[in-house]
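Q: Got a structure here, written out as structure tokens. Questions coming.
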Protein chains: 2
Amino acid sequence: MSDGDRSEKALSDFESQVIEFFCDGVKILGLPKSIGEIYGLLFISPDPISLDDLVCRLGISKGSASQGLRTLRELGAVREAEVTSGRRVYYEPDVELKRLVGGFIKEQVRPHLSSGEEKLDSLKKMVGDMPGDVRSDFYAGRLERLSRWSSRAKVVLPLLQKFLGS
Amino acid sequence: MSDGDRSEKALSDFESQVIEFFCDGVKILGLPKSIGEIYGLLFISPDPISLDDLVCRLGISKGSASQGLRTLRELGAVREAEVTSGRRVYYEPDVELKRLVGGFIKEQVRPHLSSGEEKLDSLKKMVGDMPGDVRSDFYAGRLERLSRWSSRAKVVLPLLQKFLGS
DNA sequence: TTTTGAGTTCAAATAGATTTGAACAAAGAG
DNA sequence: CTCTTTGTTCAAATCTATTTGAACTCAAAA
């Protein structure tokens with residue numbers, strides 16, 4: 001066998017189980033399985049890996065691999081390695097929990113929080129515009145509660161990141 | 001109109017938007033939309049609501065309403081109201097963020113953490129059983145890192161709940 | 001400039017999850 | 001005891017999200 005062999009080999013039992021472990025993990029986060037497979041293989045591979053490696057070893061399509069890598073880059077969970085042999089790009093995982101969580105919060109959580117606050121404001125206006133509805137006080141109270149939930153979240157998230165960085 | 005009228009009326013624009021708000025919310029948590037609709041209507045209704053009310057006002061099937069209520073009860077997000085007029089059961093929401101988060105962590109997060117730790121142990125055994133594999137040190141290091149992630153989570157979750165309870 | 005190989009895109013296929021609806025169970029009313 | 005009402009279950013239908021694969025872009029090599 002030549003030196004390109006590692007990339008071609010089928011996954012070992014050990015590797016498969018590590019990858020499965022990450023598939024479970026990303027499912028909880030609401031991310032697609034392919035993301036878990038890709039990150040899992042990167043995580044357990046001593047050396048950086050190219051898109052073609054992912055396709056061959058995981059048996060997924062180039063399209064999946066490409067989109068999965070894009071998402072992982074956006075999350076900051078994966079970065080390009082410097083080992084650019086030729087023009088092919090190799091990737092390696094970011095394995096700092098702090099940064100993984102930070103990226104997830106920034107990309108997946110905060111956007112929802114923001115759009116939620118906008119909708120809340122619009123709902124408050126609707127209640128303000130209700131003529132003499134006997135329920136408007138109740139409604140206002142409920143919306144107020146939602147606002148409190150939202151601000152709690154905004155306070156807690158940075159604390160969370162701080163804790164995970166220790 | 002008789003006094004049963006509120007249950008029959010179609011959703012007001014306001015109610016619809018509140019419900020949509022919760023649908024967005026539960027989707028982030030990876031729960032089905034019907035859960036968001038049910039909790040949303042309960043949250044914005046001044047009075048307790050029966051399964052039939054949910055079916056009529058939300059336009060969902062009895063099956064969906066029944067299963068959705070079950071999940072919400074398991075999460076501790078909804079409870080029976082005492083107002084048992086006749087033998088029909090009425091429900092009201094739990095609106096304490098602390099308890100909602102607590103229920104979610106207990107039901108949806110902890111089980112995954114536990115099963116994850118078991119799988120990790122099994123992986124560690126596999127590495128221990130590797131003959132003289134040059135990669136086994138690298139593997140052991142990675143698995144050690146995963147263990148640290150897991151214990152971080154176990155420390156952070158209770159703190160999170162504590163914070164949200166203030 | 002042309003050719004080659006790496007990577008991206010997106011419409012269509014597929015897989016996976018939710019919702020439905022009809023049959024069923026349980027319990028009070030008559 | 002039987003009828004009626006309330007709620008549950010689960011297989012089939014539906015819907016949504018992911019994956020595929022072929023066409024395409026871009027850049028480097030020749």
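By convention in this document, the chains of the structure tokens carry letters A, B, ... by their order, each chain's residues are numbered from 1, and ligands are numbered from 1 in the order they are shown.
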If you take only C-alpha atoms (C1' of nucleotides) and a cut-off of 8 Å, which residues of chain B touch chain C, and what are their nearest atom pairs and distances in Å to one decimal, in chain and number order, as a Markdown table?

A:
```
| residue | atom | partner | partner_atom | distance |
| --- | --- | --- | --- | --- |
| B:Pro32 | CA | C:DT18 | C1' | 7.1 |
| B:Ser61 | CA | C:DT20 | C1' | 6.3 |
| B:Gly63 | CA | C:DT20 | C1' | 7.3 |
| B:Ser64 | CA | C:DT19 | C1' | 6.5 |
| B:Arg87 | CA | C:DG28 | C1' | 7.8 |
```

Q: Would you save the residues from that selection as a compact mmCIF listing (two decimals), in the first residue's frame, using N, CA and C atoms?

A:
```txt
# COMPACT_ATOMS: atom_id res chain seq x y z
N PRO B 32 -42.16 19.00 18.25
CA PRO B 32 -43.08 19.20 17.13
C PRO B 32 -43.95 20.44 17.29
N SER B 61 -56.07 17.27 15.11
CA SER B 61 -56.82 16.05 15.39
C SER B 61 -56.79 15.73 16.89
N GLY B 63 -56.01 12.95 18.12
CA GLY B 63 -54.78 12.21 18.38
C GLY B 63 -53.61 13.13 18.68
N SER B 64 -53.45 14.14 17.85
CA SER B 64 -52.38 15.10 18.06
C SER B 64 -52.52 15.78 19.42
N ARG B 87 -66.93 15.39 33.98
CA ARG B 87 -65.74 14.53 34.07
C ARG B 87 -64.68 14.95 33.09
```

Q: Find the residues near stretch 102-119 of chain A: any atom within 10 Å, counting only C-alpha atoms (C1' of nucleotides), skip ones fewer than 6 places away on the same chain, and give them as a PyMOL selection string.

A: (chain A and resi 29-30+71-77+96+125+146-147+150-151+153-154+157-158+160-162+164-165) or (chain B and resi 17-18+20-22+24-25+28)

Q: Include N, CA and C atoms and write out the residues we just selected as a compact mmCIF listing (two decimals), in the first residue's frame.

A:
```txt
# COMPACT_ATOMS: atom_id res chain seq x y z
N LEU A 29 -29.00 18.73 19.13
CA LEU A 29 -28.89 20.14 18.79
C LEU A 29 -29.73 20.51 17.57
N GLY A 30 -30.39 19.51 16.99
CA GLY A 30 -31.23 19.80 15.84
C GLY A 30 -30.45 19.97 14.55
N THR A 71 -21.48 24.39 6.93
CA THR A 71 -22.16 24.64 8.20
C THR A 71 -21.17 24.60 9.36
N LEU A 72 -20.31 23.59 9.34
CA LEU A 72 -19.35 23.46 10.44
C LEU A 72 -18.37 24.63 10.47
N ARG A 73 -17.99 25.13 9.31
CA ARG A 73 -17.12 26.31 9.29
C ARG A 73 -17.85 27.51 9.87
N GLU A 74 -19.13 27.67 9.46
CA GLU A 74 -19.91 28.81 9.97
C GLU A 74 -20.04 28.74 11.49
N LEU A 75 -20.19 27.52 11.99
CA LEU A 75 -20.30 27.34 13.45
C LEU A 75 -18.95 27.53 14.14
N GLY A 76 -17.90 27.56 13.35
CA GLY A 76 -16.58 27.64 13.94
C GLY A 76 -16.11 26.33 14.53
N ALA A 77 -16.72 25.22 14.09
CA ALA A 77 -16.37 23.92 14.65
C ALA A 77 -15.26 23.25 13.86
N GLU A 96 -12.26 22.83 21.26
CA GLU A 96 -12.50 23.59 22.50
C GLU A 96 -14.00 23.71 22.74
N LYS A 125 -47.80 45.80 20.87
CA LYS A 125 -48.56 46.87 20.19
C LYS A 125 -50.00 46.43 19.99
N LEU A 146 -43.15 36.87 29.00
CA LEU A 146 -42.30 36.42 27.89
C LEU A 146 -41.07 37.32 27.77
N SER A 147 -41.28 38.61 27.96
CA SER A 147 -40.13 39.52 27.90
C SER A 147 -39.11 39.16 28.96
N SER A 150 -37.07 36.26 27.92
CA SER A 150 -36.09 36.64 26.92
C SER A 150 -34.89 37.33 27.55
N SER A 151 -35.13 38.20 28.52
CA SER A 151 -33.96 38.88 29.10
C SER A 151 -33.16 37.91 29.96
N ALA A 153 -32.66 34.87 29.27
CA ALA A 153 -31.82 34.14 28.32
C ALA A 153 -30.59 34.98 27.95
N LYS A 154 -30.82 36.26 27.74
CA LYS A 154 -29.71 37.10 27.31
C LYS A 154 -28.64 37.24 28.38
N LEU A 157 -26.82 33.31 28.74
CA LEU A 157 -25.96 32.77 27.70
C LEU A 157 -24.50 33.16 27.86
N PRO A 158 -24.20 34.44 28.10
CA PRO A 158 -22.78 34.79 28.29
C PRO A 158 -22.18 34.10 29.51
N LEU A 160 -23.00 31.24 30.67
CA LEU A 160 -22.79 29.86 30.25
C LEU A 160 -21.45 29.72 29.54
N GLN A 161 -21.22 30.60 28.59
CA GLN A 161 -19.97 30.54 27.84
C GLN A 161 -18.77 30.73 28.74
N LYS A 162 -18.93 31.65 29.70
CA LYS A 162 -17.83 31.92 30.63
C LYS A 162 -17.47 30.65 31.39
N LEU A 164 -17.98 27.55 30.64
CA LEU A 164 -17.44 26.46 29.84
C LEU A 164 -16.00 26.73 29.41
N GLY A 165 -15.56 27.96 29.59
CA GLY A 165 -14.23 28.30 29.13
C GLY A 165 -13.14 28.02 30.15
N GLN B 17 -50.93 34.80 16.47
CA GLN B 17 -49.54 35.23 16.47
C GLN B 17 -48.79 34.78 17.72
N VAL B 18 -49.51 34.76 18.84
CA VAL B 18 -48.87 34.24 20.05
C VAL B 18 -48.52 32.77 19.85
N GLU B 20 -48.02 31.20 17.05
CA GLU B 20 -46.90 31.11 16.13
C GLU B 20 -45.57 31.35 16.85
N PHE B 21 -45.61 32.31 17.75
CA PHE B 21 -44.42 32.61 18.55
C PHE B 21 -43.92 31.36 19.27
N PHE B 22 -44.84 30.64 19.86
CA PHE B 22 -44.43 29.43 20.58
C PHE B 22 -44.03 28.30 19.63
N ASP B 24 -42.41 28.72 16.86
CA ASP B 24 -41.00 29.02 16.60
C ASP B 24 -40.14 28.51 17.75
N GLY B 25 -40.59 28.83 18.96
CA GLY B 25 -39.80 28.47 20.14
C GLY B 25 -39.56 26.98 20.28
N ILE B 28 -36.97 25.29 17.93
CA ILE B 28 -35.58 25.40 18.36
C ILE B 28 -35.23 24.25 19.30
```

Q: Report as a PyMOL selection string all protein, DNA and RNA residues lying within 9 Å of B:Leu51, evaluated on only C-alpha atoms (C1' of nucleotides), omitting residues in the same chain fewer than 4 positions from it.

A: (chain B and resi 55-56+62+65-66+69+88-91) or (chain D and resi 7)

Q: Rank B:Pro48, B:Gly86, B:Gly36, B:Gly59 by their smallest atom-to-atom distance to chain D, using only C-alpha atoms (C1' of nucleotides), and report the top residue only.

A: B:Gly86

Q: Work out how far atom CA of B:Ile19 is from atom CA of B:Leu42, in Å to one decimal.

A: 9.3 Å

Q: Would you compute the distance between atom CA of B:Ile35 and atom CA of B:Ser12? Give it in Å to one decimal.

A: 19.2 Å
